[in-house]
Amino acid sequence: MNYTAVIPPSPVSAAFSGIQWDPLDRLKLTNAEKSILRSGEDNPVDYTLSNHEDACMFVRTLLKLLMESVGASGPSKKVSKIKETLPEPEALQMLYIDPTGVVTHYAVYKLYEVIVSLREKKENSTVNMMNTFYENGKLLEDWRPLLRMLHLGGSGDPYAQRCAALCLACILFVGCPSQISASNNSGVIRELMDEKSVKEALNALLSWISSQLQSSSGVHVTLVTPALITLVGCIEARLMFANSGGIGYIARHLRSKQHQQHRYNSKGPRNGSGGGGASAQQLYELCFCLWTMTYDCNTHYNVRIAFARDGAVKALCDLISSAPREKVTRVAKSAFRNL
């Protein structure tokens with residue numbers, strides 16, 4: 001699987017073209033870094049990624065922006081609280097009021113665009129995910145600002161956190177042993193690969209995902225599903241997630257979402273923009289993650305036990321009987337076939 005979830009543009013994306021790098025001394029950018037950022041803004045992403053050196057510098061500069069803009073004091077005071085997309089005049093006003101908040105959103109969304117472009121390239125391309133985010137087989141140390149962003153204090157920055165989690169998931173996915181083994185030049189890469197650095201980062205990301213799923217709030221589910229859908233494509237992440245109780249967390253949310261769906265249905269038909277539609281999409285995404293994990297039931301006893309012990313089987317049964325959407329029941333039935 002090489003699916004990349006779709007992340008909408010930032011609520012302040014209209015202000016990105018108005019960012020002036022020279023006055024932002026706090027970011028500690030060199031002239032070369034400012035130049036590559038301007039090039040990335042003036043040209044399509046694919047143009048910037050056409051040269052390996054430029055691609056690596058662009059990625060490192062974006063990660064540096066995150067390191068300098070996301071401080072220990074927590075999320076930005078204004079931008080992190082914006083829910084709806086702002087028109088250009090209001091977005092530019094926000095750039096004046098909260099420049100570091102806008103820069104954070106700029107950096108994390110640009111990084112997402114880079115990753116989407118790289119994942120579409122063939123693995124033998126001169127610029128790809130592996131040679132951009134890994135150096136001599138070791139994960140770049142620059143990834144750490146993405147993890148720091150996930151642990152922002154207070155109410156956090158939902159947009160930035162969702163985007164950061166997905167970016168980190170995609171970066172770690174390509175470094176998992178199962179994915180390297182599937183590549184054409186796996187022998188060369190496996191000799192160089194430092195699997196420990198990937199495992200530690202993957203464990204940190206999955207721990208955060210599990211902690212979010214322990215909350216009953218649908219907002220927390222929305223934060224993690226893009227990253228989780230990406231990670232369940234590799235067996236290492238699936239087993240780590242299962243061992244951390246992930247199957248039970250998903251099953252609990254499936255039951256909770258079904259109850260919400262039933263309450264909504266009793267009030268009238270869906271209008272396409274209400275809570276019912278959102279709940280159905282979340283049901284599908286969570287059920288999709290369970291379905292991928294059923295492939296490990298026959299080869300990993302602890303995964304099969306978790307499905308029976310943690311209520312996942314019952315949750316899937318209830319899901320099929322409630323029939324919230326055809327695509328949800330279809331993936332639930334596929335999960336049962338594997339079980």
# chains A, B, ... in the order shown; residues from 1 in each chain; ligands from 1
$ select_by_dssp --residues "region 65-126 of chain A" --states "helix (DSSP H, G or I)" --output "ChimeraX atom specification"
/A:65-69,79-81,88-97,99-119
$ residues_around --residues "Gly248 (chain A)" --least-positions-apart "5" --cutoff "7 Å" --atoms "only C-alpha atoms" --output "PDB file with N, CA, C and O atoms, in the first residue's frame"
ATOM      1  N   ASP A 310     -10.766  -7.858  22.827  1.00  0.00           N
ATOM      2  CA  ASP A 310     -10.997  -6.416  22.963  1.00  0.00           C
ATOM      3  C   ASP A 310     -12.270  -5.927  22.283  1.00  0.00           C
ATOM      4  O   ASP A 310     -12.455  -4.716  22.118  1.00  0.00           O
ATOM      5  N   GLY A 311     -13.123  -6.836  21.855  1.00  0.00           N
ATOM      6  CA  GLY A 311     -14.436  -6.430  21.343  1.00  0.00           C
ATOM      7  C   GLY A 311     -14.472  -6.036  19.890  1.00  0.00           C
ATOM      8  O   GLY A 311     -15.472  -5.499  19.418  1.00  0.00           O
ATOM      9  N   ALA A 312     -13.387  -6.303  19.139  1.00  0.00           N
ATOM     10  CA  ALA A 312     -13.362  -5.902  17.736  1.00  0.00           C
ATOM     11  C   ALA A 312     -14.350  -6.706  16.897  1.00  0.00           C
ATOM     12  O   ALA A 312     -15.005  -6.166  15.998  1.00  0.00           O
TER      13      ALA A 312
END
$ residues_around --residues "Leu118 (chain A)" --least-positions-apart "5" --cutoff "9 Å" --atoms "only C-alpha atoms" --output "PyMOL selection string"
chain A and resi 46+49+113+127-129+132
$ write_last_selection --atoms "N, CA and C atoms" --output "PDB file, in the first residue's frame"
ATOM      1  N   ASP A  46       7.322  19.878  -7.946  1.00  0.00           N
ATOM      2  CA  ASP A  46       8.102  18.934  -8.749  1.00  0.00           C
ATOM      3  C   ASP A  46       9.363  19.568  -9.318  1.00  0.00           C
ATOM      4  N   LEU A  49      11.961  19.616  -6.651  1.00  0.00           N
ATOM      5  CA  LEU A  49      12.408  18.263  -6.328  1.00  0.00           C
ATOM      6  C   LEU A  49      13.110  17.573  -7.484  1.00  0.00           C
ATOM      7  N   GLU A 113       3.207  18.490   0.879  1.00  0.00           N
ATOM      8  CA  GLU A 113       3.216  18.522  -0.590  1.00  0.00           C
ATOM      9  C   GLU A 113       4.452  17.827  -1.153  1.00  0.00           C
ATOM     10  N   VAL A 127      15.563  11.281  -7.169  1.00  0.00           N
ATOM     11  CA  VAL A 127      15.062  11.892  -5.939  1.00  0.00           C
ATOM     12  C   VAL A 127      13.869  11.068  -5.475  1.00  0.00           C
ATOM     13  N   ASN A 128      13.968  10.477  -4.289  1.00  0.00           N
ATOM     14  CA  ASN A 128      12.871   9.673  -3.753  1.00  0.00           C
ATOM     15  C   ASN A 128      12.807   9.830  -2.238  1.00  0.00           C
ATOM     16  N   MET A 129      11.844   9.175  -1.624  1.00  0.00           N
ATOM     17  CA  MET A 129      11.649   9.306  -0.178  1.00  0.00           C
ATOM     18  C   MET A 129      12.879   8.845   0.597  1.00  0.00           C
ATOM     19  N   THR A 132      15.962  11.183   0.318  1.00  0.00           N
ATOM     20  CA  THR A 132      15.695  12.545   0.784  1.00  0.00           C
ATOM     21  C   THR A 132      15.626  12.610   2.305  1.00  0.00           C
TER      22      THR A 132
END
$ select_by_dssp --residues "region 41-275 of chain A" --states "strand (DSSP E)" --output "PDB file with C-alpha atoms, in the first residue's frame"
ATOM      1  CA  TYR A 134      17.562   9.095   5.072  1.00  0.00           C
ATOM      2  CA  GLU A 135      21.304   9.618   4.898  1.00  0.00           C
ATOM      3  CA  LYS A 138      19.952   6.505   8.919  1.00  0.00           C
ATOM      4  CA  LEU A 139      16.865   8.604   9.524  1.00  0.00           C
TER       5      LEU A 139
END
$ closest_residue --among "A:Pro9, A:Pro226, A:Gly137, A:Gly246" --to "Leu166 (chain A)" --atoms "only C-alpha atoms"
A:Pro226
$ atom_distance --atom1 "CA of Ser322 (chain A)" --atom2 "CA of Gly218 (chain A)"
19.3 Å
